[in-house]
Each structure stands twice: as structure tokens, then as C-alpha cells.
file entry.cif (mmCIF, C-alpha atoms)
data_coords
loop_
_atom_site.label_atom_id
_atom_site.label_comp_id
_atom_site.auth_asym_id
_atom_site.auth_seq_id
_atom_site.Cartn_x
_atom_site.Cartn_y
_atom_site.Cartn_z
CA MET A 1 75.91 129.33 120.07
CA SER A 2 72.67 130.85 118.77
CA ALA A 3 70.43 129.02 116.31
CA PRO A 4 71.39 131.28 113.34
CA ASP A 5 75.10 130.80 114.12
CA ALA A 6 74.60 127.03 114.32
CA ILE A 7 72.85 127.02 110.94
CA VAL A 8 75.60 129.11 109.35
CA THR A 9 78.23 126.75 110.79
CA LEU A 10 76.32 123.76 109.43
CA ILE A 11 76.09 125.33 105.97
CA VAL A 12 79.81 126.14 105.97
CA ALA A 13 80.62 122.56 107.04
CA LEU A 14 78.42 121.05 104.32
CA LEU A 15 79.89 123.33 101.65
CA LEU A 16 83.44 122.52 102.74
CA LEU A 17 82.64 118.81 102.79
CA GLN A 18 81.28 118.98 99.24
CA ALA A 19 84.34 120.92 98.09
CA LEU A 20 86.76 118.47 99.71
CA VAL A 21 84.99 115.39 98.37
CA ARG A 22 85.01 116.82 94.84
CA ILE A 23 88.72 117.72 94.76
CA PRO A 24 89.74 114.46 92.98
CA ALA A 25 87.00 114.91 90.35
CA ALA A 26 87.98 118.55 89.85
CA TRP A 27 91.64 117.59 89.52
CA ARG A 28 91.03 114.84 86.94
CA GLY A 29 87.87 116.18 85.32
CA GLN A 30 86.94 118.77 82.74
CA ARG A 31 85.51 122.28 83.14
CA ARG A 32 82.18 120.91 84.39
CA GLU A 33 83.70 119.20 87.43
CA ARG A 34 85.98 122.13 88.18
CA SER A 35 83.07 124.57 87.95
CA LEU A 36 80.99 122.66 90.48
CA TRP A 37 83.96 122.39 92.85
CA GLY A 38 84.62 126.12 92.42
CA ALA A 39 81.01 126.95 93.28
CA PHE A 40 81.14 124.97 96.52
CA ALA A 41 84.52 126.45 97.47
CA ALA A 42 83.44 130.05 96.75
CA PHE A 43 80.16 129.66 98.62
CA ALA A 44 81.96 128.05 101.58
CA ALA A 45 84.33 131.02 101.82
CA SER A 46 81.44 133.47 101.42
CA TRP A 47 79.44 131.87 104.23
CA TRP A 48 82.53 131.62 106.41
CA LEU A 49 82.81 135.43 106.25
CA ARG A 50 79.36 135.61 107.86
CA THR A 51 80.79 133.98 111.00
CA ASP A 52 82.62 135.75 113.83
CA THR A 53 85.73 133.72 113.00
CA GLY A 54 85.72 134.83 109.38
CA ARG A 55 85.19 138.48 110.24
CA ALA A 56 87.91 138.30 112.92
CA VAL A 57 90.42 137.24 110.25
CA ILE A 58 89.58 140.18 107.93
CA ASP A 59 88.84 142.95 110.46
CA PRO A 60 92.52 143.45 111.47
CA LEU A 61 93.10 144.82 107.96
CA GLY A 62 91.44 147.99 109.25
CA VAL A 63 88.81 148.45 106.51
CA ASN A 64 85.27 148.70 107.88
CA ASP A 65 82.76 146.35 106.22
CA LEU A 66 85.51 144.64 104.18
CA PRO A 67 84.23 141.15 105.18
CA THR A 68 80.86 142.10 103.66
CA LEU A 69 82.44 143.19 100.37
CA LEU A 70 84.52 140.01 100.16
CA LYS A 71 81.46 137.93 101.06
CA HIS A 72 79.48 139.48 98.20
CA ILE A 73 82.35 139.07 95.71
CA LEU A 74 82.72 135.39 96.62
CA ALA A 75 78.96 134.89 96.33
CA ILE A 76 79.01 136.41 92.82
CA THR A 77 81.94 134.17 91.91
CA GLY A 78 80.10 131.11 93.22
CA ILE A 79 76.88 131.83 91.35
CA CYS A 80 78.83 132.60 88.16
CA VAL A 81 80.73 129.30 88.14
CA LEU A 82 77.55 127.48 89.16
CA LEU A 83 75.87 128.93 86.08
CA THR A 84 78.84 127.72 84.02
CA TYR A 85 78.31 124.24 85.45
CA VAL A 86 74.59 124.27 84.63
CA THR A 87 75.31 125.42 81.08
CA ASP A 88 77.89 122.67 80.56
CA VAL A 89 75.60 119.97 81.95
CA TYR A 90 72.80 120.73 79.50
CA ASN A 91 75.01 121.77 76.61
CA ASP A 92 74.69 118.30 75.06
CA GLU A 93 70.95 118.72 74.54
CA ASP A 94 69.27 120.21 71.47
CA ALA A 95 70.85 123.63 70.99
CA THR A 96 67.65 124.89 69.33
CA ALA A 97 65.52 124.21 72.42
CA ARG A 98 64.28 127.31 74.21
CA HIS A 99 65.68 126.41 77.62
CA ILE A 100 69.12 125.79 76.11
CA LYS A 101 69.01 129.11 74.25
CA ILE A 102 68.07 130.96 77.44
CA THR A 103 70.82 129.37 79.51
CA ALA A 104 73.43 129.82 76.78
CA ALA A 105 72.50 133.48 76.34
CA VAL A 106 72.74 134.16 80.07
CA HIS A 107 76.03 132.28 80.27
CA ARG A 108 77.55 134.32 77.44
CA VAL A 109 77.12 137.53 79.40
CA ALA A 110 77.49 136.08 82.91
CA GLY A 111 81.28 136.19 82.99
CA ARG A 112 81.55 139.78 81.81
CA ALA A 113 78.58 140.79 83.95
CA SER A 114 80.17 139.27 87.06
CA VAL A 115 83.42 141.17 86.50
CA ALA A 116 81.51 144.39 85.86
CA THR A 117 79.35 143.84 88.95
CA VAL A 118 82.37 143.17 91.17
CA LEU A 119 84.13 146.31 89.90
CA CYS A 120 81.01 148.41 90.46
CA LEU A 121 80.54 147.00 93.96
CA ALA A 122 84.15 147.75 94.84
CA GLY A 123 83.88 151.28 93.42
CA VAL A 124 80.69 152.08 95.31
CA PHE A 125 82.07 150.44 98.47
CA PHE A 126 85.29 152.45 98.59
CA LEU A 127 84.10 155.73 97.03
CA ALA A 128 80.45 156.24 97.94
CA LEU A 129 79.47 154.30 101.07
CA ASN A 130 79.78 155.99 104.45
CA ARG A 131 81.85 153.43 106.29
CA THR A 132 82.39 155.37 109.49
CA LYS A 133 79.75 153.26 111.23
CA THR A 134 80.83 149.90 112.65
CA GLY A 135 79.29 146.80 114.10
CA ALA A 136 78.89 148.64 117.39
CA ASP A 137 76.22 150.82 115.73
CA SER A 138 74.34 147.87 114.22
CA PRO A 139 75.25 144.21 113.51
CA TYR A 140 73.64 144.40 110.05
CA PHE A 141 75.32 145.93 107.01
CA MET A 142 72.06 147.19 105.48
CA GLU A 143 70.93 148.75 108.73
CA ARG A 144 74.26 150.57 109.19
CA HIS A 145 73.90 152.21 105.78
CA THR A 146 70.14 152.57 105.57
CA GLY A 147 69.00 155.70 103.74
CA GLU A 148 72.21 156.03 101.72
CA PRO A 149 71.65 156.12 97.93
CA ALA A 150 74.99 154.34 97.54
CA LEU A 151 73.58 151.36 99.44
CA LEU A 152 70.70 151.13 96.96
CA LEU A 153 73.18 151.02 94.08
CA TYR A 154 75.51 148.58 95.85
CA LEU A 155 72.96 145.99 96.98
CA GLY A 156 70.73 146.60 93.95
CA LEU A 157 73.53 145.48 91.63
CA PHE A 158 74.37 142.51 93.84
CA ASN A 159 70.78 141.32 94.21
CA LEU A 160 70.02 141.78 90.50
CA TYR A 161 72.95 139.59 89.50
CA VAL A 162 72.16 136.90 92.08
CA ALA A 163 68.44 136.84 91.26
CA ALA A 164 69.03 136.50 87.50
CA ALA A 165 71.61 133.73 87.80
CA ALA A 166 69.65 131.83 90.48
CA ALA A 167 66.46 132.04 88.40
CA VAL A 168 68.22 130.50 85.38
CA CYS A 169 69.68 127.68 87.51
CA GLY A 170 66.32 127.05 89.15
CA TYR A 171 64.54 127.01 85.78
CA GLN A 172 66.99 124.52 84.34
CA TRP A 173 66.98 122.20 87.35
CA GLY A 174 63.19 122.37 87.66
CA ARG A 175 62.80 121.34 84.04
CA ALA A 176 65.34 118.53 84.46
CA ALA A 177 63.50 117.29 87.59
CA ARG A 178 60.29 116.85 85.60
CA HIS A 179 62.07 114.65 83.07
CA ALA A 180 64.31 112.69 85.46
CA ARG A 181 63.58 108.97 85.54
CA ARG A 182 65.33 107.95 88.76
CA TRP A 183 63.55 109.06 91.93
CA ALA A 184 66.76 110.09 93.69
CA LEU A 185 67.78 112.33 90.83
CA ARG A 186 64.25 113.77 90.55
CA ILE A 187 64.13 114.62 94.26
CA GLY A 188 67.64 116.08 94.24
CA LEU A 189 66.99 118.29 91.22
CA ALA A 190 63.65 119.46 92.65
CA MET A 191 65.33 120.44 95.92
CA MET A 192 68.11 122.27 94.08
CA ALA A 193 65.53 124.11 91.96
CA ALA A 194 63.53 125.03 95.07
CA GLY A 195 66.71 126.38 96.67
CA MET A 196 67.39 128.61 93.67
CA VAL A 197 63.79 129.85 93.73
CA LEU A 198 64.17 130.84 97.38
CA ILE A 199 67.43 132.67 96.60
CA THR A 200 65.61 134.59 93.87
CA VAL A 201 62.79 135.47 96.30
CA TYR A 202 65.41 136.49 98.88
CA ALA A 203 67.08 138.87 96.42
CA ILE A 204 63.73 140.39 95.38
CA LEU A 205 62.58 140.93 98.98
CA ARG A 206 65.89 142.50 99.97
CA THR A 207 65.78 144.84 96.99
CA GLY A 208 62.16 145.81 97.70
CA PHE A 209 62.93 146.58 101.33
CA LEU A 210 66.04 148.47 100.30
CA VAL A 211 64.10 150.73 97.94
CA THR A 212 61.45 151.36 100.59
CA THR A 213 63.91 152.25 103.36
CA THR A 214 65.89 154.52 101.04
CA LEU A 215 62.76 156.59 100.48
CA THR A 216 61.31 156.21 103.99
CA PRO A 217 63.65 154.98 106.74
CA ALA A 218 62.22 152.05 108.70
CA SER A 219 62.31 151.59 112.46
CA ASP A 220 64.96 149.41 114.07
CA ARG A 221 62.35 146.77 114.87
CA VAL A 222 61.18 146.55 111.25
CA ALA A 223 64.78 146.43 110.00
CA THR A 224 65.65 143.62 112.43
CA GLU A 225 62.56 141.61 111.47
CA GLN A 226 63.44 142.03 107.79
CA GLU A 227 66.94 140.68 108.47
CA HIS A 228 65.52 137.67 110.30
CA ILE A 229 62.99 136.88 107.57
CA THR A 230 65.39 137.21 104.65
CA ASP A 231 68.17 135.37 106.50
CA THR A 232 65.77 132.51 107.18
CA LEU A 233 64.97 132.38 103.46
CA LEU A 234 68.67 132.31 102.64
CA TYR A 235 69.37 129.54 105.17
CA ALA A 236 66.50 127.45 103.80
CA ALA A 237 67.63 128.08 100.21
CA PHE A 238 71.18 126.88 100.76
CA LEU A 239 70.16 123.89 102.88
CA LEU A 240 67.72 122.81 100.17
CA TRP A 241 70.33 123.27 97.47
CA LEU A 242 72.99 121.40 99.44
CA LEU A 243 70.70 118.51 100.33
CA GLY A 244 69.53 118.38 96.73
CA ALA A 245 73.12 118.20 95.52
CA VAL A 246 73.90 115.47 98.05
CA THR A 247 70.93 113.25 97.13
CA PRO A 248 72.11 112.14 93.65
CA ALA A 249 75.71 112.10 94.89
CA THR A 250 74.69 109.79 97.75
CA ARG A 251 73.07 107.41 95.29
CA ALA A 252 76.20 107.51 93.15
CA LEU A 253 78.33 106.85 96.24
CA ILE A 254 76.18 103.87 97.16
CA GLY A 255 76.58 102.59 93.60
CA ARG A 256 80.37 102.94 93.82
CA ILE A 257 80.42 101.10 97.15
CA GLN A 258 78.31 98.27 95.69
CA CYS A 259 80.60 98.05 92.66
CA THR A 260 83.68 97.97 94.89
CA LYS A 261 82.18 95.16 96.97
CA ALA A 262 81.45 93.25 93.76
CA LEU A 263 85.03 93.80 92.58
CA MET A 264 86.36 92.46 95.86
CA GLY A 265 84.13 89.41 95.52
CA LEU A 266 85.24 88.74 91.92
CA HIS A 267 88.91 89.59 92.36
CA ARG A 268 90.24 86.12 93.23
CA LEU A 269 88.42 84.51 90.30
CA TRP A 270 89.37 87.32 87.89
CA ARG A 271 93.02 87.28 88.95
CA ASP A 272 93.43 83.51 88.53
CA LEU A 273 91.77 83.56 85.12
CA VAL A 274 93.62 86.50 83.57
CA LEU A 275 96.98 85.34 84.91
CA ALA A 276 96.43 81.97 83.23
CA ALA A 277 95.45 83.41 79.83
CA ASP A 278 97.93 85.76 78.18
CA GLY A 279 96.68 88.81 76.32
CA ILE A 280 93.14 88.85 77.80
CA ALA A 281 93.51 91.44 80.57
CA LEU A 282 93.59 95.09 79.57
CA TYR A 283 95.60 95.74 82.74
CA GLU A 284 97.62 92.93 84.27
CA PRO A 285 96.96 92.16 87.95
CA ALA A 286 99.21 93.93 90.42
CA THR A 287 102.35 92.08 91.53
CA LEU A 288 103.69 94.27 94.33
CA PHE A 289 106.58 92.60 96.18
CA GLY A 290 106.70 89.94 93.51
CA GLY A 291 103.13 88.89 94.12
CA HIS A 292 104.06 87.43 97.53
CA ARG A 293 101.16 86.19 99.65
CA ALA A 294 102.04 88.75 102.33
CA ALA A 295 101.24 91.51 99.82
CA ALA A 296 97.97 89.91 98.65
CA PHE A 297 95.81 92.58 100.26
CA LEU A 298 97.85 95.41 98.74
CA ASN A 299 97.68 93.80 95.30
CA THR A 300 93.94 93.31 95.63
CA LEU A 301 93.46 96.90 96.77
CA ARG A 302 95.45 98.21 93.82
CA ASP A 303 93.53 96.06 91.34
CA VAL A 304 90.09 97.15 92.56
CA THR A 305 90.92 100.87 92.82
CA SER A 306 93.22 101.68 89.89
CA HIS A 307 93.37 102.08 86.12
CA ASP A 308 89.73 102.74 85.17
CA ALA A 309 87.91 106.04 85.54
CA THR A 310 85.17 104.61 87.78
CA SER A 311 84.44 101.43 89.72
CA GLN A 312 81.48 100.79 87.37
CA ILE A 313 83.80 100.71 84.35
CA ARG A 314 86.24 98.50 86.26
CA LEU A 315 83.47 96.05 87.15
CA GLY A 316 82.42 95.87 83.52
CA ARG A 317 86.01 95.11 82.55
CA TYR A 318 86.26 92.33 85.15
CA VAL A 319 83.09 90.66 83.89
CA THR A 320 84.19 90.95 80.25
CA GLU A 321 87.63 89.52 80.95
CA ILE A 322 86.24 86.67 83.04
CA ARG A 323 83.95 85.72 80.18
CA ASP A 324 86.75 86.08 77.60
CA VAL A 325 88.96 83.67 79.53
CA THR A 326 85.99 81.34 80.03
CA HIS A 327 85.56 81.19 76.26
CA GLU A 328 89.23 80.34 75.82
CA LEU A 329 88.91 77.58 78.42
CA ARG A 330 85.89 76.13 76.60
CA ARG A 331 88.12 75.59 73.57
CA ARG A 332 90.59 73.53 75.59
CA ALA A 333 88.65 71.74 78.34
CA PRO A 334 87.22 68.23 77.84
CA ALA A 335 83.76 68.29 76.28
CA ASP A 336 82.12 66.47 79.21
CA LEU A 337 83.91 68.38 81.97
CA PHE A 338 80.93 70.49 82.91
CA GLU A 339 78.66 67.43 83.18
CA ARG A 340 81.18 65.84 85.52
CA ALA A 341 81.30 69.05 87.58
CA ARG A 342 77.52 69.16 87.74
CA ARG A 343 77.29 65.54 88.90
CA LEU A 344 79.91 66.24 91.56
CA ALA A 345 77.98 69.27 92.84
CA GLU A 346 74.75 67.25 93.02
CA THR A 347 76.53 64.38 94.76
CA GLU A 348 77.68 66.83 97.44
CA GLY A 349 74.07 67.83 98.07
CA HIS A 350 73.82 71.05 96.07
CA THR A 351 70.57 71.57 94.19
CA GLY A 352 69.01 73.94 91.69
CA SER A 353 70.83 77.12 90.72
CA HIS A 354 73.29 76.73 93.57
CA ALA A 355 74.42 73.43 92.07
CA ASP A 356 74.94 75.24 88.75
CA ALA A 357 77.08 77.91 90.44
CA VAL A 358 79.19 75.32 92.26
CA ALA A 359 79.51 73.28 89.06
CA GLU A 360 80.73 76.35 87.14
CA ALA A 361 83.28 77.05 89.87
CA TYR A 362 84.49 73.44 89.72
CA TRP A 363 84.63 73.60 85.92
CA LEU A 364 86.71 76.79 86.00
CA LYS A 365 89.12 75.39 88.56
CA ALA A 366 89.64 72.24 86.51
CA ALA A 367 89.65 73.96 83.11
CA LEU A 368 92.43 76.30 84.21
CA THR A 369 94.81 73.35 84.25
CA THR A 370 94.06 72.77 80.54
CA ILE A 371 94.90 76.30 79.38
CA ASP A 372 98.10 75.13 77.63
CA ARG A 373 96.33 72.53 75.52
CA GLN A 374 95.76 73.06 71.82
CA ALA A 375 92.54 74.96 71.12
CA GLY A 376 89.65 73.20 69.49
CA ALA A 377 85.90 73.60 69.15
CA PRO A 378 84.25 75.24 72.19
CA ALA A 379 82.87 72.70 74.64
CA ALA A 380 79.29 72.87 75.82
CA PHE A 381 79.03 75.13 78.82
CA HIS A 382 76.08 76.17 80.96
CA THR A 383 75.93 79.60 82.60
CA THR A 384 73.35 82.28 83.38
CA GLY A 385 72.85 86.05 83.34
CA ASP A 386 70.51 87.78 80.89
CA ASP A 387 71.87 91.27 81.54
CA PHE A 388 74.88 92.87 83.19
CA ARG A 389 73.33 93.15 86.66
CA SER A 390 72.17 89.53 86.76
CA GLU A 391 75.51 88.36 85.35
CA VAL A 392 77.40 90.17 88.13
CA ILE A 393 75.15 88.55 90.75
CA TRP A 394 75.71 85.14 89.15
CA LEU A 395 79.48 85.52 88.88
CA LEU A 396 79.64 86.55 92.54
CA ARG A 397 77.98 83.23 93.43
CA VAL A 398 80.43 81.39 91.20
CA ALA A 399 83.39 83.31 92.66
CA SER A 400 82.25 82.47 96.20
CA ALA A 401 82.17 78.75 95.34
CA TYR A 402 85.47 79.05 93.47
CA ARG A 403 87.27 80.37 96.58
CA ARG A 404 86.20 77.21 98.43
CA THR A 405 87.28 74.83 95.66
CA SER A 406 90.56 72.96 96.04
CA THR A 407 93.05 72.01 93.36
CA ALA A 408 92.46 68.38 94.33
CA THR A 409 88.87 68.73 93.16
CA ALA A 410 90.09 69.95 89.76
CA ILE A 411 92.46 67.01 89.42
CA ARG A 412 89.75 64.47 90.27
CA LEU A 413 87.41 66.09 87.73
CA LEU A 414 90.01 65.85 84.96
CA HIS A 415 91.13 62.33 85.89
CA PRO A 416 88.07 60.66 87.41
CA THR A 417 88.09 57.16 88.83
CA PRO A 418 84.97 55.07 89.30
CA LEU A 419 84.76 56.00 93.00
CA SER A 420 86.32 59.44 93.03
CA LEU A 421 83.37 61.65 92.10
CA PRO A 422 80.76 60.37 94.58
CA HIS A 423 83.17 60.76 97.50
CA THR A 424 84.81 64.07 96.51
CA THR A 425 84.28 66.81 99.08
CA ARG A 426 84.74 70.52 98.85
CA THR A 427 87.43 72.26 100.82
#
call {"tool": "encode", "arguments": {"input": "entry.cif", "output": "C-alpha cells"}}
result
Amino acid sequence: MSAPDAIVTLIVALLLLQALVRIPAAWRGQRRERSLWGAFAAFAASWWLRTDTGRAVIDPLGVNDLPTLLKHILAITGICVLLTYVTDVYNDEDATARHIKITAAVHRVAGRASVATVLCLAGVFFLALNRTKTGADSPYFMERHTGEPALLLYLGLFNLYVAAAAAVCGYQWGRAARHARRWALRIGLAMMAAGMVLITVYAILRTGFLVTTTLTPASDRVATEQEHITDTLLYAAFLLWLLGAVTPATRALIGRIQCTKALMGLHRLWRDLVLAADGIALYEPATLFGGHRAAAFLNTLRDVTSHDATSQIRLGRYVTEIRDVTHELRRRAPADLFERARRLAETEGHTGSHADAVAEAYWLKAALTTIDRQAGAPAAFHTTGDDFRSEVIWLLRVASAYRRTSTATAIRLLHPTPLSLPHTTRT
């Protein structure tokens, strides 16, 4: 496989991967998500028609250069829906701002312009182009039709549409990159903007060469070099755009993985608490197969992957519900229960913040047995976490200690004897 073929295959694979990954979001989401998925899908099909496999599927239809026409139509479709996506993303900003006005104006005519462009391309293709030449004469579409006025009209329309839409996308992403706060988003947007700039340059160079060769035919060597140069620009443009689109998505994926790990770490604690307190949980824990221990993994998997739109929202719900149940337990647990739990943790050799985490786990385990008592004034309770991130980290430490805490420890904390606390061990 030659280097250009390998690059085309890589681009097709990356586009297909992006389209496949975004199917769930496109299915559940609004026009924005569907537009981005549509752009990746259309571009993937367009690039696939550049490959020998893609052309081999279309060539049996018996229409010379039909893969090229379909490739251009799919490219126009992709850039049109991509422009729709860009417009929707920045539609929430100040509608009086110049960049919003420009994008909105282009978007208003983009749909009609794309349909008109496709119809014109098809008309010129079937009625004006001399399609008697085949790939045996030249592997390049432009070189096969060089000198034909119809080619100037055909590719001139195509390149004009692509250049205008790509310039708008590049302008919008470049501006957004300058104002992005997170480095990953800034880098991704800058790469996407650079990709659109290269596509615009590609369209301009192709049009300039096309005009020149229509007036004065170029040699085969010059035509081949032009194809290599512009194809290299196109490869670089799409690789930059794809990598730029992946960069913020990769950061988001890492965030989802971290949230899912946190949910798994908190699940046992969350499940025990919300099952003990009625009416706290927005969604009750899963009870597949009657909640049997053999189905524990399935129930956990369902709890940490269902109901909420994202894992971040689900994690926020877990933390809120854990704290809501904790407040209910404070109204029922003995006032000195936490002090007893703290003394027990220190007796076992825990110190500092770790002793606090173990003490909170002990307190929760013991306080759960008091949930049916009559509510009173909230008991004193020590915890930590100044913001959501630090609270998640703290609750993960508490949940880890909670999983190692036995029911016997809870009983001894609620009904201490003079010798029970110093000799109590964790299990």
C-alpha cells in the first residue's frame, strides 16, 4: 500500500470511528449532536470513495466518474451539516456580536446553496463534461478533463462552496480557541481551525490551477505535481481537524472514566444508605433477581450506568443523596457516637485525616442501625470537603473504610462496654 493510500485509509478509519462513537449521542441528542455525527458520516463516505474499494463498488454501475460526483456531493453534505453544528454551538452567545451575525447569515443560505450546488454539479456532470475518458487515460479527475470549460464550472462551484463554509468554521473555531480556558479545548479548537484554514487554501489553489490550465493546458508533470501538493494539503487538513476534534473528546472521555470509577467506589456506601432511608434516592438501587448476591455485579453495573444523562450528573446525585441520608442519620444517632467512633479509630492506630475517614465510616455503619428511631436535633458530626471535587475524594476514602467495617463494630459502638472499644478491630 502506498503512503497516500495508507493516509486515506487512516482518515476513513478515524472518521468512521468518530461516527460510530457518536451514534448514542446522535440518537439521544438534539440537532447539534446529530449534525456532528452527520458530518463525520458524510466525510467518511466521501473519503471512502477515494479508495480503490469505494470506486470498485460504484464503477459497476457503468457511469464514468460517478464515484467522483458522489464524493463531491457527500463532501458538500458534510461541510453543510458541519456548518449547522458550528452555528448551533455558538447560537447561545450574544446574537448581536459580529462573529455570530456572520455565521448565522452564512448558515441561513448554506442549506439552499448546498442543494443548488449539488444540482448544478449533477447537471454539469451529466450534460456538459466529456466523460469518454477513463482512469486508463489518467488517474486524476481534473487531469482527465483538463481544458474543458465545463470542468471550470463544475470544480469552481464545488471549491467555492467548500472554501466559504470552511472559512466560516475556521473563523469561529479560531476565535473560540483564543477564549478557551482549558488547555485541551484550546489545543483542539486551534487544530480544528487550522484544518479548516488548510481546506480553504486547498480550494483556492485548486481553483487557481484550474483557471490557469483551462486557458493554457499544463504538462502532465505539472498536473501530477499539483495533485500531489493539493492532496497533501487535504490530508493534513483532515488529520488536523480529526485530531482537534478528538482532543476535547479524549479529555471528556477521561472525565467520564474517572467519574465511573468514583461511582464504583461509592456504590456500596450509597446503596446501603439510600436503601435504609425511604424517599431520599431519586432512583432506587437496582434489584435484579431480587437483589440476590449472585446478581450484585449486574445491579452495580446498572446503578452506575443508567438513569442520568451523564456519569458526571450521576456522581453529583450520589454525593447529594449520601449527604441527605447522612443528615437524616444525624437526627437519630446518639450525640456522642462520632466521638466514640473517632476514639475507636485512634485506638486502632489510625491518625490524622485517615482517622477521620475511618471514624466517619464507623459512624455511618453504626448510625444506619438507628434509622428507625424518632428524629431529634442533629447530632454533632465532623466531615470534610470544601467543594465538589474534594468532597468526592473524601467520600471515596470514607467508602473504602466503610467496605472494611463489620456490623459487629457498629454494635459495639452503639452499646459500648468498658473494654470493648480499646480491643475492637476492623474486619
call {"tool": "residues_around", "arguments": {"input": "entry.cif", "residues": "Ala252 in chain A", "least_positions_apart": "2", "cutoff": "12 Å", "atoms": "only C-alpha atoms", "output": "PyMOL selection string"}}
result
chain A and resi 182+184-185+245-250+254-259+310-312
call {"tool": "atom_distance", "arguments": {"input": "entry.cif", "atom1": "CA of Gly147 in chain A", "atom2": "CA of Ala45 in chain A"}}
result
29.1 Å
call {"tool": "atom_distance", "arguments": {"input": "entry.cif", "atom1": "CA of Ala75 in chain A", "atom2": "CA of Tyr140 in chain A"}}
result
17.5 Å
call {"tool": "residues_around", "arguments": {"input": "entry.cif", "residues": "Thr84 in chain A", "least_positions_apart": "2", "cutoff": "10 Å", "atoms": "all atoms listed in the file", "output": "list in words"}}
result
Arg31, Arg32, Arg34, Ser35, Leu36, Ala39, Gly78, Ile79, Cys80, Val81, Leu82, Val86, Thr87, Asp88, Val89, Thr103, Ala104, Val106, His107, Arg108, Ala110, Gly111 and Cys169 of chain A
call {"tool": "resolve_selection", "arguments": {"input": "entry.cif", "expression": "the PyMOL selection byres ((chain A and resi 267) around 10)", "output": "PyMOL selection string"}}
result
chain A and resi 261-266+268-273+285+300-301+303-304+315+318+396+399
call {"tool": "residues_around", "arguments": {"input": "entry.cif", "residues": "Phe381 in chain A", "least_positions_apart": "4", "cutoff": "9 Å", "atoms": "all atoms listed in the file", "output": "PyMOL selection string"}}
result
chain A and resi 330+335+337-339+360
call {"tool": "atom_distance", "arguments": {"input": "entry.cif", "atom1": "CA of Ala177 in chain A", "atom2": "CA of Arg251 in chain A"}}
result
15.8 Å
call {"tool": "residues_around", "arguments": {"input": "entry.cif", "residues": "Arg178 in chain A", "least_positions_apart": "3", "cutoff": "10 Å", "atoms": "all atoms listed in the file", "output": "list of chain:residue names"}}
result
A:Trp173, A:Gly174, A:Arg175, A:Arg181, A:Arg186, A:Ile187, A:Leu189, A:Ala190
call {"tool": "residues_around", "arguments": {"input": "entry.cif", "residues": "Val325 in chain A", "least_positions_apart": "5", "cutoff": "8 Å", "atoms": "only C-alpha atoms", "output": "PyMOL selection string"}}
result
chain A and resi 273-274+277+280
call {"tool": "closest_residue", "arguments": {"input": "entry.cif", "among": "A:Ala25, A:Ala116, A:Val398, A:Ala166", "to": "Ile204 in chain A", "atoms": "all atoms listed in the file"}}
result
A:Ala166
call {"tool": "decode", "arguments": {"input": "entry.cif", "residues": "range 218-224 of chain A", "atoms": "all heavy atoms", "output": "mmCIF file, in the first residue's frame"}}
result
data_model
loop_
_atom_site.group_PDB
_atom_site.id
_atom_site.type_symbol
_atom_site.label_atom_id
_atom_site.label_comp_id
_atom_site.auth_asym_id
_atom_site.auth_seq_id
_atom_site.Cartn_x
_atom_site.Cartn_y
_atom_site.Cartn_z
ATOM 1 N N ALA A 218 -1.559 22.582 -18.946
ATOM 2 C CA ALA A 218 -0.271 22.312 -18.303
ATOM 3 C C ALA A 218 0.237 20.943 -18.725
ATOM 4 O O ALA A 218 -0.517 20.087 -19.208
ATOM 5 C CB ALA A 218 -0.425 22.371 -16.784
ATOM 6 N N SER A 219 1.541 20.740 -18.543
ATOM 7 C CA SER A 219 2.132 19.442 -18.869
ATOM 8 C C SER A 219 1.671 18.403 -17.850
ATOM 9 O O SER A 219 1.187 18.730 -16.763
ATOM 10 C CB SER A 219 3.661 19.544 -18.850
ATOM 11 O OG SER A 219 4.111 19.846 -17.537
ATOM 12 N N ASP A 220 1.859 17.136 -18.212
ATOM 13 C CA ASP A 220 1.476 16.051 -17.309
ATOM 14 C C ASP A 220 2.250 16.123 -15.998
ATOM 15 O O ASP A 220 1.700 15.834 -14.923
ATOM 16 C CB ASP A 220 1.716 14.694 -17.982
ATOM 17 C CG ASP A 220 0.759 14.453 -19.153
ATOM 18 O OD1 ASP A 220 -0.272 15.166 -19.219
ATOM 19 O OD2 ASP A 220 1.043 13.566 -19.974
ATOM 20 N N ARG A 221 3.532 16.508 -16.090
ATOM 21 C CA ARG A 221 4.349 16.588 -14.872
ATOM 22 C C ARG A 221 3.816 17.654 -13.927
ATOM 23 O O ARG A 221 3.692 17.425 -12.715
ATOM 24 C CB ARG A 221 5.805 16.879 -15.241
ATOM 25 C CG ARG A 221 6.748 16.921 -14.032
ATOM 26 C CD ARG A 221 8.164 17.258 -14.478
ATOM 27 N NE ARG A 221 8.223 18.600 -15.075
ATOM 28 C CZ ARG A 221 8.306 19.724 -14.349
ATOM 29 N NH1 ARG A 221 8.332 19.683 -13.022
ATOM 30 N NH2 ARG A 221 8.379 20.893 -14.960
ATOM 31 N N VAL A 222 3.480 18.819 -14.480
ATOM 32 C CA VAL A 222 2.950 19.906 -13.654
ATOM 33 C C VAL A 222 1.602 19.507 -13.039
ATOM 34 O O VAL A 222 1.335 19.765 -11.857
ATOM 35 C CB VAL A 222 2.813 21.197 -14.478
ATOM 36 C CG1 VAL A 222 2.076 22.273 -13.678
ATOM 37 C CG2 VAL A 222 4.179 21.703 -14.916
ATOM 38 N N ALA A 223 0.759 18.853 -13.846
ATOM 39 C CA ALA A 223 -0.550 18.428 -13.342
ATOM 40 C C ALA A 223 -0.408 17.412 -12.212
ATOM 41 O O ALA A 223 -1.123 17.476 -11.195
ATOM 42 C CB ALA A 223 -1.376 17.840 -14.474
ATOM 43 N N THR A 224 0.545 16.486 -12.367
ATOM 44 C CA THR A 224 0.761 15.472 -11.324
ATOM 45 C C THR A 224 1.291 16.109 -10.046
ATOM 46 O O THR A 224 0.867 15.765 -8.937
ATOM 47 C CB THR A 224 1.740 14.400 -11.827
ATOM 48 O OG1 THR A 224 1.203 13.791 -13.003
ATOM 49 C CG2 THR A 224 1.969 13.345 -10.762
#
